[in-house]
Amino acid sequence: PAPPPASPPVPTAPIGPAMEGDGITYQLVQQDEGYFEGRMVITNRTGRPMRTWKITFRTPGADVKNIWGGKLVEGGERAVIENLDGAPAIPPGGTWAVQFGASGAVTAPKGCKLNGEACGF
């Protein structure tokens with residue numbers, strides 16, 4: 001008999017309120033002493049596939065160093081995250097989740113930009 005199909009990983013449930021921005025949403029998903037993880041969900045609000053994307057933001061007092069769903073171009077207090085090479089385009093109306101881990105004080109992203117445009121938080 002064929003082995004049972006592998007179940008998809010269970011996403012971490014958010015523990016913080018959602019910060020709704022312009023084309024992006026942020027939520028705190030994990031918090032331990034001296035470490036936290038946040039999830040950003042990009043929504044493609046254009047009428048064409050989003051083939052590349054870049055998120056920039058500040059986390060005063062925290063050091064962004066771990067990324068899932070993207071690649072860390074620059075870490076620390078001023079993070080730069082881009083799409084993975086070869087990642088599929090985000091279709092119009094579609095979403096893509098990026099999660100980051102940071103050491104230091106739990107800080108919501110500030111001065112966020114998506115593809116150079118203000119995220120709204």
# chains A, B, ... in the order shown; residues from 1 in each chain; ligands from 1
call {"tool": "residues_around", "arguments": {"residues": "Asp63 in chain A", "least_positions_apart": "5", "cutoff": "12 Å", "atoms": "only C-alpha atoms", "output": "ChimeraX atom specification"}}
result
/A:34-37,57-58,72,74-80,100-107,109
call {"tool": "residues_around", "arguments": {"residues": "Glu20 in chain A", "least_positions_apart": "6", "cutoff": "9 Å", "atoms": "only C-alpha atoms", "output": "list in words"}}
result
Tyr26, Cys119, Gly120 and Phe121 of chain A
call {"tool": "write_last_selection", "arguments": {"atoms": "N, CA and C atoms", "output": "PDB file, in the first residue's frame"}}
result
ATOM      1  N   TYR A  26       0.934  42.576   9.070  1.00  0.00           N
ATOM      2  CA  TYR A  26       1.952  42.063   9.986  1.00  0.00           C
ATOM      3  C   TYR A  26       1.295  41.524  11.248  1.00  0.00           C
ATOM      4  N   CYS A 119       4.107  50.977   3.360  1.00  0.00           N
ATOM      5  CA  CYS A 119       3.177  49.891   3.730  1.00  0.00           C
ATOM      6  C   CYS A 119       2.038  50.395   4.599  1.00  0.00           C
ATOM      7  N   GLY A 120       2.213  51.520   5.266  1.00  0.00           N
ATOM      8  CA  GLY A 120       1.173  52.029   6.132  1.00  0.00           C
ATOM      9  C   GLY A 120       1.409  51.757   7.602  1.00  0.00           C
ATOM     10  N   PHE A 121       2.565  51.208   7.951  1.00  0.00           N
ATOM     11  CA  PHE A 121       2.932  51.037   9.360  1.00  0.00           C
ATOM     12  C   PHE A 121       4.450  51.070   9.494  1.00  0.00           C
TER      13      PHE A 121
END
call {"tool": "closest_residue", "arguments": {"among": "A:Val73, A:Cys112, A:Ala118, A:Ala18", "to": "Arg39 in chain A", "atoms": "only C-alpha atoms"}}
result
A:Ala18
call {"tool": "atom_distance", "arguments": {"atom1": "CA of Lys54 in chain A", "atom2": "CA of Gly23 in chain A"}}
result
12.4 Å
call {"tool": "closest_residue", "arguments": {"among": "A:Met19, A:Ile42, A:Leu114, A:Ile67", "to": "Pro91 in chain A", "atoms": "only C-alpha atoms"}}
result
A:Ile42
call {"tool": "closest_residue", "arguments": {"among": "A:Gly116, A:Ile24, A:Ile15, A:Gly69", "to": "Asn44 in chain A", "atoms": "only C-alpha atoms"}}
result
A:Ile24
call {"tool": "closest_residue", "arguments": {"among": "A:Gly38, A:Arg48, A:Asp22, A:Ala62", "to": "Ala89 in chain A", "atoms": "only C-alpha atoms"}}
result
A:Arg48
call {"tool": "select_by_dssp", "arguments": {"residues": "chain A", "states": "strand (DSSP E or B)", "output": "ChimeraX atom specification"}}
result
/A:19-20,24-32,35-43,50,54-58,62-68,71-74,76,78-82,90,95-104,110-114,117-118
call {"tool": "residues_around", "arguments": {"residues": "Val41 in chain A", "least_positions_apart": "3", "cutoff": "7 Å", "atoms": "only C-alpha atoms", "output": "list in words"}}
result
Ile24, Thr25, Tyr26, Thr95, Trp96, Ala97 and Val98 of chain A
call {"tool": "residues_around", "arguments": {"residues": "Glu82 in chain A", "least_positions_apart": "4", "cutoff": "6 Å", "atoms": "only C-alpha atoms", "output": "NGL selection string"}}
result
:A and (53-54 or 70-71)
call {"tool": "closest_residue", "arguments": {"among": "A:Gly94, A:Ala87, A:Ala108, A:Asn66", "to": "Arg51 in chain A", "atoms": "only C-alpha atoms"}}
result
A:Ala87
call {"tool": "closest_residue", "arguments": {"among": "A:Pro92, A:Gly16, A:Gln99, A:Gly111", "to": "Gln31 in chain A", "atoms": "only C-alpha atoms"}}
result
A:Gly16
call {"tool": "atom_distance", "arguments": {"atom1": "CA of Lys113 in chain A", "atom2": "CA of Ile81 in chain A"}}
result
10.5 Å
